[in-house]
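J.: Starting off with a structure, shown below.
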Amino acid sequence: MPLPFLTADRAFDAQAEDIALPFDDHDSWRRPYRPGPWRVAASASALLLASFVLLAGMVIAFAAELPGAVVCLGLALVIIACALRLLRMGAWVSRHGVRRVGFLSTVTVPWNRVTAVRTVQQPVKWLGFPRTVQGQALLLVRQGGNPLPPLLTDSNADFLSRSEAFDRAADTVEAWADEYRQG
């Protein structure tokens, strides 16, 4: 089964770096970078936990305790949904705007409401925990709206220890903003 959200960066590998927007279809939502190893490892661990919960549910079902098996099935489905949502988190771009997908919420800002997209040095959360470290963040400034949390940081689960990937992703989001804010 193809997972298109895991192959977002394949077009960047195949084409020259001087092309800012290498995708043919600019109407579909794309993540301009690959999910990082920390994000993939956390999701894989959650899916492993879900498989153990499903195995426990099967053992409970064979023991003729149907309510317990249903609880295990429900818990496993919640864990699987959380793992998939964790993989989906990040910044997504299209011709229509930029989308910041969080674990519990998604915010979409159309390009005509974006004032600026810029990379700044500031304290950022380390892997999403309350602890902050000095790092880079890609900020979206929108017209007359509440400030958004950073779209990307160099210390989140996608870019920790991958500064080149952060720079490439930030440059790509800025290129999408430059392309579609004007038109």
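Ordering of the structure tokens sets the chain letters (A, B, ...); residue numbers start at 1 within each chain; ligands are numbered from 1 in the order shown.
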Write out as a list of chain:residue names which residues come within 10 Å of segment 43-54 of chain A when counting only C-alpha atoms, dropping same-chain ones fewer than 6 positions away.
T.: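 Here the answer would be A:Pro37, A:Ile60, A:Ala69, A:Val70, A:Val71, A:Cys72, A:Leu73, A:Gly74, A:Leu75, A:Ala76, A:Leu77, A:Val78, A:Ile79, A:Ile80, A:Ala81, A:Cys82, A:Ala83, A:Leu84, A:Arg85, A:Leu86, A:Leu87.
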J.: Take the residues from that selection and put them in a file with all heavy atoms, as a tab-separated table (two decimals), in the first residue's frame.
T.:
chain	number	residue	atom	x	y	z
A	37	PRO	N	13.57	10.76	11.42
A	37	PRO	CA	13.71	9.44	12.06
A	37	PRO	C	13.07	9.37	13.44
A	37	PRO	O	12.58	8.31	13.83
A	37	PRO	CB	15.23	9.25	12.13
A	37	PRO	CG	15.82	10.60	12.00
A	37	PRO	CD	14.86	11.41	11.19
A	60	ILE	N	-7.56	-12.81	24.96
A	60	ILE	CA	-8.74	-12.59	25.81
A	60	ILE	C	-10.01	-13.10	25.13
A	60	ILE	O	-10.88	-13.70	25.76
A	60	ILE	CB	-8.85	-11.10	26.19
A	60	ILE	CG1	-7.70	-10.72	27.12
A	60	ILE	CG2	-10.19	-10.79	26.84
A	60	ILE	CD1	-7.59	-9.23	27.40
A	69	ALA	N	-11.97	-8.25	25.26
A	69	ALA	CA	-11.42	-8.25	23.91
A	69	ALA	C	-11.84	-7.00	23.15
A	69	ALA	O	-11.05	-6.41	22.40
A	69	ALA	CB	-11.88	-9.50	23.16
A	70	VAL	N	-13.08	-6.55	23.36
A	70	VAL	CA	-13.56	-5.33	22.70
A	70	VAL	C	-12.79	-4.11	23.21
A	70	VAL	O	-12.42	-3.21	22.44
A	70	VAL	CB	-15.08	-5.17	22.91
A	70	VAL	CG1	-15.56	-3.80	22.46
A	70	VAL	CG2	-15.82	-6.27	22.17
A	71	VAL	N	-12.50	-4.07	24.51
A	71	VAL	CA	-11.71	-2.98	25.08
A	71	VAL	C	-10.30	-2.98	24.48
A	71	VAL	O	-9.77	-1.92	24.11
A	71	VAL	CB	-11.65	-3.09	26.62
A	71	VAL	CG1	-10.61	-2.14	27.20
A	71	VAL	CG2	-13.02	-2.80	27.22
A	72	CYS	N	-9.70	-4.14	24.34
A	72	CYS	CA	-8.37	-4.23	23.73
A	72	CYS	C	-8.40	-3.78	22.28
A	72	CYS	O	-7.50	-3.07	21.82
A	72	CYS	CB	-7.82	-5.65	23.83
A	72	CYS	SG	-7.27	-6.08	25.49
A	73	LEU	N	-9.42	-4.19	21.54
A	73	LEU	CA	-9.55	-3.77	20.15
A	73	LEU	C	-9.70	-2.25	20.05
A	73	LEU	O	-9.06	-1.60	19.22
A	73	LEU	CB	-10.74	-4.46	19.49
A	73	LEU	CG	-11.04	-4.03	18.05
A	73	LEU	CD1	-9.90	-4.42	17.13
A	73	LEU	CD2	-12.35	-4.62	17.58
A	74	GLY	N	-10.53	-1.67	20.91
A	74	GLY	CA	-10.71	-0.22	20.91
A	74	GLY	C	-9.43	0.51	21.25
A	74	GLY	O	-9.08	1.52	20.61
A	75	LEU	N	-8.70	0.01	22.25
A	75	LEU	CA	-7.43	0.62	22.63
A	75	LEU	C	-6.42	0.53	21.50
A	75	LEU	O	-5.70	1.49	21.20
A	75	LEU	CB	-6.88	-0.04	23.90
A	75	LEU	CG	-5.55	0.49	24.42
A	75	LEU	CD1	-5.68	1.96	24.80
A	75	LEU	CD2	-5.08	-0.34	25.60
A	76	ALA	N	-6.36	-0.60	20.83
A	76	ALA	CA	-5.44	-0.77	19.70
A	76	ALA	C	-5.78	0.19	18.56
A	76	ALA	O	-4.89	0.78	17.94
A	76	ALA	CB	-5.45	-2.21	19.21
A	77	LEU	N	-7.08	0.37	18.29
A	77	LEU	CA	-7.48	1.30	17.24
A	77	LEU	C	-7.11	2.74	17.58
A	77	LEU	O	-6.69	3.51	16.70
A	77	LEU	CB	-8.97	1.18	16.97
A	77	LEU	CG	-9.42	-0.12	16.30
A	77	LEU	CD1	-10.94	-0.16	16.17
A	77	LEU	CD2	-8.75	-0.29	14.95
A	78	VAL	N	-7.23	3.12	18.85
A	78	VAL	CA	-6.82	4.46	19.27
A	78	VAL	C	-5.31	4.64	19.11
A	78	VAL	O	-4.84	5.68	18.63
A	78	VAL	CB	-7.27	4.73	20.73
A	78	VAL	CG1	-6.60	5.97	21.31
A	78	VAL	CG2	-8.77	4.86	20.81
A	79	ILE	N	-4.54	3.63	19.48
A	79	ILE	CA	-3.07	3.70	19.34
A	79	ILE	C	-2.69	3.80	17.87
A	79	ILE	O	-1.80	4.58	17.49
A	79	ILE	CB	-2.40	2.50	20.02
A	79	ILE	CG1	-2.61	2.56	21.54
A	79	ILE	CG2	-0.92	2.44	19.70
A	79	ILE	CD1	-2.19	1.30	22.27
A	80	ILE	N	-3.34	3.04	17.01
A	80	ILE	CA	-3.05	3.09	15.57
A	80	ILE	C	-3.39	4.47	15.01
A	80	ILE	O	-2.62	5.05	14.23
A	80	ILE	CB	-3.79	1.97	14.83
A	80	ILE	CG1	-3.20	0.61	15.20
A	80	ILE	CG2	-3.74	2.18	13.31
A	80	ILE	CD1	-4.02	-0.57	14.74
A	81	ALA	N	-4.54	5.02	15.41
A	81	ALA	CA	-4.92	6.36	14.94
A	81	ALA	C	-3.91	7.41	15.40
A	81	ALA	O	-3.55	8.31	14.64
A	81	ALA	CB	-6.32	6.70	15.44
A	82	CYS	N	-3.43	7.29	16.63
A	82	CYS	CA	-2.42	8.23	17.13
A	82	CYS	C	-1.11	8.10	16.37
A	82	CYS	O	-0.46	9.10	16.05
A	82	CYS	CB	-2.18	8.00	18.62
A	82	CYS	SG	-3.55	8.53	19.66
A	83	ALA	N	-0.71	6.89	16.05
A	83	ALA	CA	0.53	6.69	15.29
A	83	ALA	C	0.42	7.29	13.89
A	83	ALA	O	1.36	7.94	13.41
A	83	ALA	CB	0.86	5.20	15.19
A	84	LEU	N	-0.72	7.11	13.25
A	84	LEU	CA	-0.91	7.69	11.91
A	84	LEU	C	-0.98	9.21	11.97
A	84	LEU	O	-0.45	9.90	11.10
A	84	LEU	CB	-2.16	7.11	11.26
A	84	LEU	CG	-2.06	5.62	10.90
A	84	LEU	CD1	-3.38	5.14	10.33
A	84	LEU	CD2	-0.92	5.37	9.94
A	85	ARG	N	-1.61	9.75	13.00
A	85	ARG	CA	-1.68	11.21	13.14
A	85	ARG	C	-0.29	11.78	13.41
A	85	ARG	O	0.07	12.85	12.91
A	85	ARG	CB	-2.64	11.58	14.27
A	85	ARG	CG	-2.89	13.04	14.41
A	85	ARG	CD	-3.57	13.61	13.19
A	85	ARG	NE	-3.77	15.03	13.38
A	85	ARG	CZ	-4.42	15.80	12.55
A	85	ARG	NH1	-4.94	15.30	11.46
A	85	ARG	NH2	-4.55	17.07	12.79
A	86	LEU	N	0.51	11.06	14.17
A	86	LEU	CA	1.89	11.49	14.44
A	86	LEU	C	2.70	11.55	13.16
A	86	LEU	O	3.50	12.48	12.96
A	86	LEU	CB	2.54	10.53	15.45
A	86	LEU	CG	3.92	10.89	15.95
A	86	LEU	CD1	3.88	12.20	16.71
A	86	LEU	CD2	4.45	9.80	16.84
A	87	LEU	N	2.48	10.59	12.26
A	87	LEU	CA	3.18	10.62	10.97
A	87	LEU	C	2.71	11.78	10.09
A	87	LEU	O	3.46	12.29	9.27
A	87	LEU	CB	2.96	9.31	10.22
A	87	LEU	CG	3.85	8.15	10.60
A	87	LEU	CD1	3.43	6.91	9.83
A	87	LEU	CD2	5.30	8.48	10.37
J.: Hey, what's within 6 Å of segment 164-177 of chain A if we count only C-alpha atoms and toss same-chain stuff fewer than 4 positions away? As a PDB file with all heavy atoms, in the first residue's frame, please?
T.:
ATOM      1  N   PRO A  32       6.842  19.238   2.061  1.00  0.00           N
ATOM      2  CA  PRO A  32       8.061  19.436   1.273  1.00  0.00           C
ATOM      3  C   PRO A  32       9.311  18.821   1.898  1.00  0.00           C
ATOM      4  O   PRO A  32      10.420  19.271   1.628  1.00  0.00           O
ATOM      5  CB  PRO A  32       8.171  20.958   1.179  1.00  0.00           C
ATOM      6  CG  PRO A  32       7.501  21.448   2.400  1.00  0.00           C
ATOM      7  CD  PRO A  32       6.402  20.466   2.702  1.00  0.00           C
ATOM      8  N   TYR A  33       9.141  17.815   2.722  1.00  0.00           N
ATOM      9  CA  TYR A  33      10.271  17.136   3.350  1.00  0.00           C
ATOM     10  C   TYR A  33       9.805  15.767   3.807  1.00  0.00           C
ATOM     11  O   TYR A  33       8.611  15.502   3.904  1.00  0.00           O
ATOM     12  CB  TYR A  33      10.812  17.946   4.543  1.00  0.00           C
ATOM     13  CG  TYR A  33       9.762  18.243   5.581  1.00  0.00           C
ATOM     14  CD1 TYR A  33       9.536  17.378   6.642  1.00  0.00           C
ATOM     15  CD2 TYR A  33       8.974  19.382   5.508  1.00  0.00           C
ATOM     16  CE1 TYR A  33       8.572  17.629   7.585  1.00  0.00           C
ATOM     17  CE2 TYR A  33       8.000  19.656   6.452  1.00  0.00           C
ATOM     18  CZ  TYR A  33       7.811  18.780   7.484  1.00  0.00           C
ATOM     19  OH  TYR A  33       6.839  19.025   8.424  1.00  0.00           O
ATOM     20  N   VAL A 117       6.932  34.643   5.321  1.00  0.00           N
ATOM     21  CA  VAL A 117       7.428  33.357   5.821  1.00  0.00           C
ATOM     22  C   VAL A 117       8.929  33.530   5.953  1.00  0.00           C
ATOM     23  O   VAL A 117       9.614  33.822   4.973  1.00  0.00           O
ATOM     24  CB  VAL A 117       7.093  32.194   4.860  1.00  0.00           C
ATOM     25  CG1 VAL A 117       7.677  30.897   5.372  1.00  0.00           C
ATOM     26  CG2 VAL A 117       5.606  32.057   4.670  1.00  0.00           C
ATOM     27  N   ASP A 154      14.289  23.385  13.906  1.00  0.00           N
ATOM     28  CA  ASP A 154      15.403  22.465  13.685  1.00  0.00           C
ATOM     29  C   ASP A 154      15.585  21.490  14.845  1.00  0.00           C
ATOM     30  O   ASP A 154      16.486  20.658  14.812  1.00  0.00           O
ATOM     31  CB  ASP A 154      16.696  23.226  13.407  1.00  0.00           C
ATOM     32  CG  ASP A 154      17.152  24.075  14.576  1.00  0.00           C
ATOM     33  OD1 ASP A 154      16.374  24.256  15.538  1.00  0.00           O
ATOM     34  OD2 ASP A 154      18.286  24.583  14.528  1.00  0.00           O
ATOM     35  N   PHE A 159      13.570  17.189  12.179  1.00  0.00           N
ATOM     36  CA  PHE A 159      14.844  17.788  11.793  1.00  0.00           C
ATOM     37  C   PHE A 159      15.924  17.738  12.862  1.00  0.00           C
ATOM     38  O   PHE A 159      16.970  18.342  12.675  1.00  0.00           O
ATOM     39  CB  PHE A 159      14.616  19.247  11.377  1.00  0.00           C
ATOM     40  CG  PHE A 159      13.679  19.378  10.230  1.00  0.00           C
ATOM     41  CD1 PHE A 159      12.423  19.918  10.405  1.00  0.00           C
ATOM     42  CD2 PHE A 159      14.036  18.927   8.976  1.00  0.00           C
ATOM     43  CE1 PHE A 159      11.544  20.030   9.351  1.00  0.00           C
ATOM     44  CE2 PHE A 159      13.158  19.031   7.914  1.00  0.00           C
ATOM     45  CZ  PHE A 159      11.918  19.586   8.100  1.00  0.00           C
ATOM     46  N   ARG A 181       2.059  33.933  -2.978  1.00  0.00           N
ATOM     47  CA  ARG A 181       1.601  35.156  -2.343  1.00  0.00           C
ATOM     48  C   ARG A 181       1.421  36.266  -3.375  1.00  0.00           C
ATOM     49  O   ARG A 181       0.562  37.102  -3.254  1.00  0.00           O
ATOM     50  CB  ARG A 181       2.595  35.637  -1.294  1.00  0.00           C
ATOM     51  CG  ARG A 181       2.364  35.044   0.054  1.00  0.00           C
ATOM     52  CD  ARG A 181       3.207  35.689   1.092  1.00  0.00           C
ATOM     53  NE  ARG A 181       4.607  35.708   0.699  1.00  0.00           N
ATOM     54  CZ  ARG A 181       5.422  36.706   0.938  1.00  0.00           C
ATOM     55  NH1 ARG A 181       5.014  37.778   1.548  1.00  0.00           N
ATOM     56  NH2 ARG A 181       6.682  36.644   0.558  1.00  0.00           N
TER      57      ARG A 181
END
J.: Between atom CA of Asn112 of chain A and atom CA of Arg30 of chain A, what is the distance, to one decimal in Å?
T.: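 Those two atoms sit 18.5 Å apart.
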J.: Which of segment 66-176 of chain A end up as helix (DSSP H, G or I) when DSSP is run on this backbone - answer as a PDB file with N, CA and C atoms, in the first residue's frame?
T.:
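Written output follows (result25.pdb):
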ATOM      1  N   LEU A  66     -15.474 -11.601  26.006  1.00  0.00           N
ATOM      2  CA  LEU A  66     -15.717 -10.685  24.904  1.00  0.00           C
ATOM      3  C   LEU A  66     -15.600  -9.203  25.293  1.00  0.00           C
ATOM      4  N   PRO A  67     -16.105  -8.762  26.445  1.00  0.00           N
ATOM      5  CA  PRO A  67     -15.953  -7.331  26.782  1.00  0.00           C
ATOM      6  C   PRO A  67     -14.488  -6.896  26.885  1.00  0.00           C
ATOM      7  N   GLY A  68     -13.654  -7.734  27.437  1.00  0.00           N
ATOM      8  CA  GLY A  68     -12.227  -7.416  27.532  1.00  0.00           C
ATOM      9  C   GLY A  68     -11.569  -7.361  26.163  1.00  0.00           C
ATOM     10  N   ALA A  69     -11.975  -8.252  25.263  1.00  0.00           N
ATOM     11  CA  ALA A  69     -11.422  -8.249  23.906  1.00  0.00           C
ATOM     12  C   ALA A  69     -11.840  -6.996  23.150  1.00  0.00           C
ATOM     13  N   VAL A  70     -13.078  -6.547  23.361  1.00  0.00           N
ATOM     14  CA  VAL A  70     -13.560  -5.325  22.704  1.00  0.00           C
ATOM     15  C   VAL A  70     -12.789  -4.110  23.214  1.00  0.00           C
ATOM     16  N   VAL A  71     -12.501  -4.072  24.508  1.00  0.00           N
ATOM     17  CA  VAL A  71     -11.706  -2.982  25.079  1.00  0.00           C
ATOM     18  C   VAL A  71     -10.304  -2.982  24.475  1.00  0.00           C
ATOM     19  N   CYS A  72      -9.699  -4.136  24.344  1.00  0.00           N
ATOM     20  CA  CYS A  72      -8.368  -4.227  23.733  1.00  0.00           C
ATOM     21  C   CYS A  72      -8.396  -3.783  22.275  1.00  0.00           C
ATOM     22  N   LEU A  73      -9.423  -4.190  21.541  1.00  0.00           N
ATOM     23  CA  LEU A  73      -9.552  -3.766  20.147  1.00  0.00           C
ATOM     24  C   LEU A  73      -9.702  -2.251  20.052  1.00  0.00           C
ATOM     25  N   GLY A  74     -10.532  -1.674  20.910  1.00  0.00           N
ATOM     26  CA  GLY A  74     -10.712  -0.222  20.913  1.00  0.00           C
ATOM     27  C   GLY A  74      -9.429   0.513  21.250  1.00  0.00           C
ATOM     28  N   LEU A  75      -8.701   0.009  22.254  1.00  0.00           N
ATOM     29  CA  LEU A  75      -7.430   0.619  22.632  1.00  0.00           C
ATOM     30  C   LEU A  75      -6.417   0.531  21.497  1.00  0.00           C
ATOM     31  N   ALA A  76      -6.358  -0.597  20.830  1.00  0.00           N
ATOM     32  CA  ALA A  76      -5.438  -0.765  19.704  1.00  0.00           C
ATOM     33  C   ALA A  76      -5.783   0.190  18.564  1.00  0.00           C
ATOM     34  N   LEU A  77      -7.078   0.370  18.288  1.00  0.00           N
ATOM     35  CA  LEU A  77      -7.480   1.303  17.236  1.00  0.00           C
ATOM     36  C   LEU A  77      -7.107   2.740  17.583  1.00  0.00           C
ATOM     37  N   VAL A  78      -7.232   3.125  18.847  1.00  0.00           N
ATOM     38  CA  VAL A  78      -6.825   4.464  19.273  1.00  0.00           C
ATOM     39  C   VAL A  78      -5.312   4.640  19.110  1.00  0.00           C
ATOM     40  N   ILE A  79      -4.537   3.633  19.478  1.00  0.00           N
ATOM     41  CA  ILE A  79      -3.074   3.702  19.338  1.00  0.00           C
ATOM     42  C   ILE A  79      -2.688   3.800  17.869  1.00  0.00           C
ATOM     43  N   ILE A  80      -3.342   3.038  17.005  1.00  0.00           N
ATOM     44  CA  ILE A  80      -3.047   3.094  15.568  1.00  0.00           C
ATOM     45  C   ILE A  80      -3.392   4.473  15.006  1.00  0.00           C
ATOM     46  N   ALA A  81      -4.537   5.019  15.406  1.00  0.00           N
ATOM     47  CA  ALA A  81      -4.920   6.358  14.938  1.00  0.00           C
ATOM     48  C   ALA A  81      -3.910   7.410  15.404  1.00  0.00           C
ATOM     49  N   CYS A  82      -3.430   7.289  16.630  1.00  0.00           N
ATOM     50  CA  CYS A  82      -2.421   8.227  17.135  1.00  0.00           C
ATOM     51  C   CYS A  82      -1.114   8.104  16.366  1.00  0.00           C
ATOM     52  N   ALA A  83      -0.711   6.891  16.047  1.00  0.00           N
ATOM     53  CA  ALA A  83       0.528   6.686  15.288  1.00  0.00           C
ATOM     54  C   ALA A  83       0.423   7.293  13.892  1.00  0.00           C
ATOM     55  N   LEU A  84      -0.721   7.111  13.246  1.00  0.00           N
ATOM     56  CA  LEU A  84      -0.912   7.690  11.915  1.00  0.00           C
ATOM     57  C   LEU A  84      -0.984   9.206  11.974  1.00  0.00           C
ATOM     58  N   ARG A  85      -1.614   9.751  12.995  1.00  0.00           N
ATOM     59  CA  ARG A  85      -1.678  11.211  13.137  1.00  0.00           C
ATOM     60  C   ARG A  85      -0.287  11.780  13.413  1.00  0.00           C
ATOM     61  N   LEU A  86       0.511  11.061  14.172  1.00  0.00           N
ATOM     62  CA  LEU A  86       1.886  11.493  14.443  1.00  0.00           C
ATOM     63  C   LEU A  86       2.699  11.551  13.156  1.00  0.00           C
ATOM     64  N   LEU A  87       2.483  10.593  12.260  1.00  0.00           N
ATOM     65  CA  LEU A  87       3.179  10.623  10.970  1.00  0.00           C
ATOM     66  C   LEU A  87       2.712  11.778  10.093  1.00  0.00           C
ATOM     67  N   ARG A  88       1.478  12.195  10.249  1.00  0.00           N
ATOM     68  CA  ARG A  88       0.918  13.248   9.414  1.00  0.00           C
ATOM     69  C   ARG A  88       1.275  14.657   9.870  1.00  0.00           C
ATOM     70  N   TRP A 111      -2.666  31.548   0.956  1.00  0.00           N
ATOM     71  CA  TRP A 111      -1.491  32.357   0.626  1.00  0.00           C
ATOM     72  C   TRP A 111      -1.810  33.845   0.613  1.00  0.00           C
ATOM     73  N   ASN A 112      -3.036  34.230   0.255  1.00  0.00           N
ATOM     74  CA  ASN A 112      -3.342  35.656   0.210  1.00  0.00           C
ATOM     75  C   ASN A 112      -3.457  36.271   1.606  1.00  0.00           C
ATOM     76  N   ARG A 113      -3.491  35.463   2.652  1.00  0.00           N
ATOM     77  CA  ARG A 113      -3.506  35.968   4.036  1.00  0.00           C
ATOM     78  C   ARG A 113      -2.142  35.901   4.688  1.00  0.00           C
ATOM     79  N   SER A 163      20.309  19.363  10.044  1.00  0.00           N
ATOM     80  CA  SER A 163      20.223  20.790   9.750  1.00  0.00           C
ATOM     81  C   SER A 163      20.093  21.064   8.248  1.00  0.00           C
ATOM     82  N   GLU A 164      20.724  20.238   7.406  1.00  0.00           N
ATOM     83  CA  GLU A 164      20.609  20.449   5.956  1.00  0.00           C
ATOM     84  C   GLU A 164      19.167  20.220   5.498  1.00  0.00           C
ATOM     85  N   ALA A 165      18.515  19.222   6.061  1.00  0.00           N
ATOM     86  CA  ALA A 165      17.121  18.944   5.702  1.00  0.00           C
ATOM     87  C   ALA A 165      16.215  20.088   6.154  1.00  0.00           C
ATOM     88  N   PHE A 166      16.500  20.659   7.332  1.00  0.00           N
ATOM     89  CA  PHE A 166      15.711  21.796   7.790  1.00  0.00           C
ATOM     90  C   PHE A 166      15.885  22.985   6.848  1.00  0.00           C
ATOM     91  N   ASP A 167      17.120  23.281   6.474  1.00  0.00           N
ATOM     92  CA  ASP A 167      17.373  24.405   5.572  1.00  0.00           C
ATOM     93  C   ASP A 167      16.665  24.207   4.233  1.00  0.00           C
ATOM     94  N   ARG A 168      16.728  22.985   3.697  1.00  0.00           N
ATOM     95  CA  ARG A 168      16.073  22.704   2.414  1.00  0.00           C
ATOM     96  C   ARG A 168      14.552  22.823   2.533  1.00  0.00           C
ATOM     97  N   ALA A 169      13.969  22.310   3.617  1.00  0.00           N
ATOM     98  CA  ALA A 169      12.521  22.391   3.806  1.00  0.00           C
ATOM     99  C   ALA A 169      12.076  23.836   4.014  1.00  0.00           C
ATOM    100  N   ALA A 170      12.832  24.599   4.812  1.00  0.00           N
ATOM    101  CA  ALA A 170      12.476  26.009   5.037  1.00  0.00           C
ATOM    102  C   ALA A 170      12.568  26.799   3.738  1.00  0.00           C
ATOM    103  N   ASP A 171      13.606  26.563   2.959  1.00  0.00           N
ATOM    104  CA  ASP A 171      13.739  27.250   1.677  1.00  0.00           C
ATOM    105  C   ASP A 171      12.598  26.891   0.725  1.00  0.00           C
ATOM    106  N   THR A 172      12.179  25.644   0.756  1.00  0.00           N
ATOM    107  CA  THR A 172      11.094  25.208  -0.118  1.00  0.00           C
ATOM    108  C   THR A 172       9.771  25.855   0.271  1.00  0.00           C
ATOM    109  N   VAL A 173       9.461  25.899   1.567  1.00  0.00           N
ATOM    110  CA  VAL A 173       8.222  26.543   2.005  1.00  0.00           C
ATOM    111  C   VAL A 173       8.266  28.032   1.672  1.00  0.00           C
ATOM    112  N   GLU A 174       9.425  28.662   1.852  1.00  0.00           N
ATOM    113  CA  GLU A 174       9.557  30.074   1.492  1.00  0.00           C
ATOM    114  C   GLU A 174       9.371  30.270  -0.017  1.00  0.00           C
ATOM    115  N   ALA A 175       9.855  29.332  -0.833  1.00  0.00           N
ATOM    116  CA  ALA A 175       9.673  29.424  -2.284  1.00  0.00           C
ATOM    117  C   ALA A 175       8.201  29.295  -2.665  1.00  0.00           C
ATOM    118  N   TRP A 176       7.475  28.384  -2.012  1.00  0.00           N
ATOM    119  CA  TRP A 176       6.038  28.261  -2.269  1.00  0.00           C
ATOM    120  C   TRP A 176       5.346  29.566  -1.888  1.00  0.00           C
TER     121      TRP A 176
END
J.: Using only C-alpha atoms for the distances, tell me which of A:Pro150, A:Pro123, A:Gly102, A:Gly36 is nearest to Gly135 of chain A.
T.: A:Pro123
J.: Atom CA of Gln134 of chain A and atom CA of Gly97 of chain A are how many Å apart?
T.: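 Computing it gives 28.4 Å between the two atoms.
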J.: How far is it from atom CA of Gly145 of chain A to atom CA of Val98 of chain A, in Å with one decimal?
T.: 14.5 Å
